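Chemist: Dropping the structure in here first, questions after.
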Amino acid sequence: MSDVSLPSPPEARTAAVIPAAGRGVRLGPGAPKALRALNGTPMLIHAVRAMAASRAVSLVVVVAPPDGAAEVKTLLDAHALPDRTDFVVVPGGDSRQESVKYGLDVLPPGIDIVLVHDAARPLVPVDTVDAVIEAVRDGAPAVVPALPLADTVKEVEPAAVAGEVEPVVATPERARLRAVQTPQGFDRETLLRAHETVTDDVTDDASMVEQLGVRVVVVPGHEEAFKVTRPLDLVLAEAVLARRRLNDGF
Ligand SMILES: Nc1ccn([C@@H]2O[C@H](COP(=O)(O)OP(=O)(O)OP(=O)(O)O)[C@@H](O)[C@H]2O)c(=O)n1
Ligand SMILES: C[C@](O)(CO)[C@H](O)COP(=O)(O)O
């Protein structure tokens, strides 16, 4: 990881929208996922720091659980964050898509590049964040970090009843597949247009842009940008943090 991230040229201001309003059902019972602790610090704070670590990011918009905006504001005030970055908190919605839209709604004028980053990917390295921003600055309207797959993937006919066998329909060529992460980066106008136009249920912002017919490109993702989804992911996240502490010498 480099010590110095991209500078922030006055001509292209970047904001990061962090959807953090999910319940974390797959993680099991407990507080909303973004508020659960990793090494004693809420996952959301790790994610906010990961975005603010980029010197290009001048604004972070946190989309909080619908009834948790005040708690999230208190959390941000209680944790050390860079002075050069502004922070705004808004309440989220029923879906990730809706939460992102609420974050986009409060972007001030003057922001040209928008990152959308899951609070559930708290450990993304700053080099990955900067690589996404750089690709947008270089002219790509939509950029996603992604990794090749380790497993072979099968397309199936999903079972009508849980536990039933599922017939395999196809085996897509693995070399052409990528597992997509965040932050996803966009020029502001493209992302706003996508959120105004696309009403289908989608699982990421880039697929909304694809639906506009706009070209989306991939840059290399990072293993540590994995999504904390299930309980085992918490174990992995704690291990990554422990390794970082060891490498940093404290
Ligand atoms: N209504 C929602 C749902 C999700 N998210 C956010 O979208 C990101 C990716 O979603 P996911 O990992 O699926 O989180 P959850 O929806 O919380 O997980 P689950 O499906 O297990 O409940 C998370 O940072 C989550 O907080 C959101 O802001 N608003
Ligand atoms: C945006 C995302 O993290 C890209 O991989 C993913 O699609 C989120 O999906 P989820 O079902 O909301 O976790």
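Identifiers for the structure tokens are assigned positionally: chains receive A, B, ... in sequence, residues are indexed from 1 per chain, and ligands are indexed from 1 in the order shown.
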Can you work out which residues are within 7 Å of ligand 2, considering only C-alpha atoms and all ligand atoms, and then hand them over as an MDAnalysis selection string?
Modeler: chainID A and resid 96 118 179:182 203:205 227 229
Chemist: Counting only C-alpha atoms and all ligand atoms, what residues are within 8 Å of ligand 1, given as a PyMOL selection string?
Modeler: chain A and resi 18-28+32-34+63-65+92-100+117-121+227-230
Chemist: Using CA of Pro91 in chain A and CA of Ala206 in chain A as the two end points, give the distance in Å to one decimal.
Modeler: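 Result for CA of Pro91 in chain A versus CA of Ala206 in chain A: 22.4 Å, one decimal.
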Chemist: Using only C-alpha atoms, can you tell me which of A:Pro122, A:Gly185, A:Pro108, A:Pro29 comes closest to Thr41 in chain A?
Modeler: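 Closest candidate: A:Pro122.
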Chemist: Return as a ChimeraX atom specification the full set of residues in range 21-237 of chain A whose backbone-based DSSP assignment is helix (DSSP H, G or I).
Modeler: /A:25-27,33-35,43-52,69-78,96-104,126-137,174-176,188-197,205-211,223-225,231-237
Chemist: With C-alpha atoms retained, export the selected residues as a CSV table (one decimal), in the first residue's frame.
Modeler:
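Saved the output as out.csv:
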```csv
chain,number,residue,atom,x,y,z
A,25,VAL,CA,-29.3,-10.6,7.6
A,26,ARG,CA,-26.7,-13.1,6.2
A,27,LEU,CA,-24.4,-12.2,9.0
A,33,LYS,CA,-24.0,-4.8,9.8
A,34,ALA,CA,-22.2,-1.5,9.3
A,35,LEU,CA,-22.3,-0.8,13.0
A,43,MET,CA,-17.2,-1.6,10.2
A,44,LEU,CA,-18.6,1.7,8.9
A,45,ILE,CA,-15.7,3.7,10.4
A,46,HIS,CA,-13.2,1.4,8.7
A,47,ALA,CA,-15.1,1.9,5.4
A,48,VAL,CA,-15.2,5.7,5.9
A,49,ARG,CA,-11.5,5.8,6.6
A,50,ALA,CA,-10.8,3.7,3.5
A,51,MET,CA,-12.5,6.3,1.3
A,52,ALA,CA,-11.0,9.3,3.2
A,69,ALA,CA,-28.6,8.7,11.2
A,70,ALA,CA,-28.1,10.4,14.6
A,71,GLU,CA,-26.1,7.4,15.9
A,72,VAL,CA,-23.9,7.4,12.8
A,73,LYS,CA,-23.3,11.2,13.2
A,74,THR,CA,-22.2,10.6,16.8
A,75,LEU,CA,-19.9,7.7,15.7
A,76,LEU,CA,-18.2,9.9,13.0
A,77,ASP,CA,-17.7,12.6,15.6
A,78,ALA,CA,-16.2,10.1,18.0
A,96,ARG,CA,-29.2,-0.7,-1.6
A,97,GLN,CA,-30.3,1.0,-4.8
A,98,GLU,CA,-32.6,3.3,-2.9
A,99,SER,CA,-30.0,4.0,-0.3
A,100,VAL,CA,-27.4,5.0,-2.9
A,101,LYS,CA,-30.0,7.3,-4.5
A,102,TYR,CA,-30.6,9.1,-1.2
A,103,GLY,CA,-26.8,9.6,-1.0
A,104,LEU,CA,-26.6,11.0,-4.5
A,126,VAL,CA,-6.3,3.1,-0.9
A,127,ASP,CA,-4.4,2.0,-4.0
A,128,THR,CA,-7.6,0.3,-5.3
A,129,VAL,CA,-9.6,3.4,-4.5
A,130,ASP,CA,-7.1,5.6,-6.4
A,131,ALA,CA,-7.0,3.2,-9.3
A,132,VAL,CA,-10.7,3.6,-9.8
A,133,ILE,CA,-10.6,7.4,-9.5
A,134,GLU,CA,-7.7,7.6,-12.0
A,135,ALA,CA,-9.6,5.5,-14.6
A,136,VAL,CA,-12.6,7.9,-14.3
A,137,ARG,CA,-10.3,10.9,-14.6
A,174,ARG,CA,-14.5,-18.8,-16.2
A,175,ALA,CA,-11.7,-16.8,-17.9
A,176,ARG,CA,-14.3,-14.3,-19.1
A,188,ARG,CA,-21.4,12.2,-11.8
A,189,GLU,CA,-23.7,12.9,-14.7
A,190,THR,CA,-23.7,9.3,-15.9
A,191,LEU,CA,-24.4,7.9,-12.4
A,192,LEU,CA,-27.3,10.3,-11.8
A,193,ARG,CA,-28.8,9.5,-15.2
A,194,ALA,CA,-28.6,5.8,-14.4
A,195,HIS,CA,-30.4,6.3,-11.0
A,196,GLU,CA,-33.0,8.5,-12.6
A,197,THR,CA,-33.7,6.1,-15.5
A,205,ASP,CA,-24.6,0.6,-9.7
A,206,ALA,CA,-22.5,-0.3,-12.7
A,207,SER,CA,-25.2,-2.6,-14.0
A,208,MET,CA,-27.6,0.4,-14.0
A,209,VAL,CA,-25.0,2.3,-16.2
A,210,GLU,CA,-24.8,-0.8,-18.5
A,211,GLN,CA,-28.5,-0.5,-19.0
A,223,GLU,CA,-8.4,-9.5,-2.2
A,224,GLU,CA,-8.8,-7.3,0.9
A,225,ALA,CA,-11.7,-5.5,-0.7
A,231,PRO,CA,-20.0,-14.9,9.8
A,232,LEU,CA,-16.7,-16.4,8.4
A,233,ASP,CA,-16.0,-13.1,6.6
A,234,LEU,CA,-15.7,-11.5,10.1
A,235,VAL,CA,-13.0,-13.9,11.0
A,236,LEU,CA,-11.2,-13.1,7.8
A,237,ALA,CA,-11.6,-9.3,8.3
```
Chemist: Give the answer as one residue: which of A:Val114, A:Val217, A:Ala56, A:Val240 has the shortest atom-to-atom distance to Phe186 in chain A, using only C-alpha atoms?
Modeler: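 Nearest to Phe186 in chain A: A:Val114.
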Chemist: Could you work out how far CA of Ala142 in chain A lies from CA of Gln184 in chain A, giving the answer in Å with one decimal?
Modeler: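 Spanning CA of Gln184 in chain A to CA of Ala142 in chain A is a straight-line distance of 7.4 Å.
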Chemist: One decimal, in Å: what's the spacing between CA of Leu38 in chain A and CA of Pro82 in chain A?
Modeler: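 Here the two named atoms are 19.9 Å from each other.
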Chemist: Per DSSP on the backbone, what are the strand (DSSP E) residues of range 79-154 of chain A, as a PyMOL selection string?
Modeler: chain A and resi 86-91+111-116+142-148
Chemist: For the selection just defined, write its residues with C-alpha atoms to a file, as a compact mmCIF listing (two decimals), in the first residue's frame.
Modeler:
```txt
# COMPACT_ATOMS: atom_id res chain seq x y z
CA ASP A 86 -16.20 16.68 4.70
CA PHE A 87 -18.76 14.19 6.04
CA VAL A 88 -22.52 14.13 5.55
CA VAL A 89 -24.98 11.56 6.94
CA VAL A 90 -28.40 10.77 5.44
CA PRO A 91 -30.91 8.03 6.29
CA ILE A 111 -18.49 17.22 -7.47
CA ASP A 112 -17.54 15.62 -10.80
CA ILE A 113 -16.61 12.07 -9.84
CA VAL A 114 -18.66 9.82 -7.56
CA LEU A 115 -17.54 6.61 -5.91
CA VAL A 116 -20.11 4.22 -4.49
CA ALA A 142 -17.95 3.95 -15.22
CA VAL A 143 -15.23 1.86 -13.57
CA VAL A 144 -15.46 -1.24 -11.40
CA PRO A 145 -12.70 -3.06 -9.52
CA ALA A 146 -12.92 -6.80 -9.98
CA LEU A 147 -11.02 -10.07 -9.56
CA PRO A 148 -10.92 -13.29 -11.57
```
Chemist: Choose the residue, out of A:Gly40, A:Gly213, A:Pro220, A:Gly139, that has the smallest atom-to-atom separation from Ala242 in chain A; count only C-alpha atoms.
Modeler: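 Among the listed residues, the smallest separation from Ala242 in chain A belongs to A:Gly40.
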